[in-house]
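J.: So that we are looking at the same thing, I have put the structure below in structure tokens.
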Amino acid sequence: MKRTDTQSIGDILRLALQENCMDSRLDEFKAVEIWSSVVGRYIASQCRRPFVKDGLMTIGVPNAALRQELLMNRSRLRAAINREIGKETISDIRFIS
């Protein structure tokens, strides 16, 4: 029996992720990985690893001055992360001690 409707593995995986509503969670993981390239290696090293849940990215920043600086630029940071991903994945960023 010969198959006539072949699909690439990438297409099958994309379809499986969409059908199981996992594509948004995958985008959240991408946002975590993008964080260090958006803020730079040094600032990322001063912060704890971010995590994302339901579009809210939470980042631990032990330095109060750095936390204030990031807080003032959070809309730009959010826009840069969403631009890198290609869609509106991050709705807000929260900086905690």
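Identifiers for the structure tokens are assigned positionally: chains receive A, B, ... in sequence, residues are indexed from 1 per chain, and ligands are indexed from 1 in the order shown.
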Just want the 12 Å neighbourhood of Gln68 of chain A, counted on only C-alpha atoms, with same-chain residues fewer than 4 positions away dropped. Output as a tab-separated table (two decimals) with N, CA and C atoms, in the first residue's frame.

T.:
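Printed below is part-v2.tsv as written:
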chain	number	residue	atom	x	y	z
A	61	VAL	N	14.90	39.58	40.80
A	61	VAL	CA	16.02	40.52	40.69
A	61	VAL	C	16.41	40.94	42.10
A	62	PRO	N	17.53	40.44	42.63
A	62	PRO	CA	17.90	40.76	44.01
A	62	PRO	C	18.40	42.19	44.21
A	63	ASN	N	18.87	42.84	43.17
A	63	ASN	CA	19.40	44.20	43.25
A	63	ASN	C	18.27	45.19	43.03
A	64	ALA	N	18.00	46.05	44.03
A	64	ALA	CA	16.88	46.99	43.97
A	64	ALA	C	17.04	48.01	42.85
A	72	MET	N	11.10	50.20	34.92
A	72	MET	CA	10.81	51.37	34.08
A	72	MET	C	10.83	51.02	32.59
A	73	ASN	N	11.53	49.95	32.22
A	73	ASN	CA	11.63	49.57	30.82
A	73	ASN	C	10.84	48.31	30.47
A	74	ARG	N	9.93	47.91	31.33
A	74	ARG	CA	9.27	46.62	31.11
A	74	ARG	C	8.39	46.59	29.87
A	94	ARG	N	6.73	40.86	35.57
A	94	ARG	CA	6.77	41.22	36.99
A	94	ARG	C	8.18	40.95	37.52
A	95	PHE	N	8.74	41.91	38.24
A	95	PHE	CA	10.05	41.77	38.84
A	95	PHE	C	9.90	41.65	40.35
A	96	ILE	N	10.47	40.61	40.92
A	96	ILE	CA	10.34	40.36	42.35
A	96	ILE	C	11.72	40.32	43.00
A	97	SER	N	11.76	40.45	44.32
A	97	SER	CA	13.04	40.42	45.07
A	97	SER	C	13.57	39.02	45.16

J.: Do a neighbour search on Asn82 of chain A at 10 Å with only C-alpha atoms, toss out local chain neighbours closer than 6 positions, and write the hits as a PDB file with N, CA and C atoms, in the first residue's frame.

T.:
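The result, stored in part_2.pdb:
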ATOM      1  N   ASP A  27       5.549  28.656  23.310  1.00  0.00           N
ATOM      2  CA  ASP A  27       5.941  30.054  23.137  1.00  0.00           C
ATOM      3  C   ASP A  27       6.422  30.661  24.452  1.00  0.00           C
ATOM      4  N   LYS A  30       9.922  29.635  24.885  1.00  0.00           N
ATOM      5  CA  LYS A  30      10.765  30.439  23.999  1.00  0.00           C
ATOM      6  C   LYS A  30      11.049  31.792  24.625  1.00  0.00           C
ATOM      7  N   ALA A  31      10.052  32.390  25.268  1.00  0.00           N
ATOM      8  CA  ALA A  31      10.227  33.698  25.911  1.00  0.00           C
ATOM      9  C   ALA A  31      11.289  33.636  26.997  1.00  0.00           C
ATOM     10  N   ILE A  34      14.636  33.597  25.306  1.00  0.00           N
ATOM     11  CA  ILE A  34      14.938  34.865  24.649  1.00  0.00           C
ATOM     12  C   ILE A  34      15.375  35.936  25.652  1.00  0.00           C
ATOM     13  N   ARG A  76       9.029  48.075  27.029  1.00  0.00           N
ATOM     14  CA  ARG A  76       9.964  47.856  25.908  1.00  0.00           C
ATOM     15  C   ARG A  76      10.481  46.427  25.901  1.00  0.00           C
ATOM     16  N   GLU A  88       1.993  37.837  20.294  1.00  0.00           N
ATOM     17  CA  GLU A  88       1.778  38.420  21.618  1.00  0.00           C
ATOM     18  C   GLU A  88       1.677  37.301  22.662  1.00  0.00           C
ATOM     19  N   THR A  89       2.827  36.843  23.143  1.00  0.00           N
ATOM     20  CA  THR A  89       2.878  35.757  24.126  1.00  0.00           C
ATOM     21  C   THR A  89       2.928  36.300  25.547  1.00  0.00           C
ATOM     22  N   ILE A  90       3.750  37.319  25.772  1.00  0.00           N
ATOM     23  CA  ILE A  90       3.923  37.892  27.102  1.00  0.00           C
ATOM     24  C   ILE A  90       2.992  39.094  27.249  1.00  0.00           C
ATOM     25  N   SER A  91       2.098  39.028  28.226  1.00  0.00           N
ATOM     26  CA  SER A  91       1.160  40.142  28.446  1.00  0.00           C
ATOM     27  C   SER A  91       1.711  41.129  29.467  1.00  0.00           C
TER      28      SER A  91
END

J.: Please identify the strand (DSSP E) residues within chain A (assignment by DSSP from backbone atoms) and present them as a ChimeraX atom specification.

T.: /A:51-53,56-60,92-96
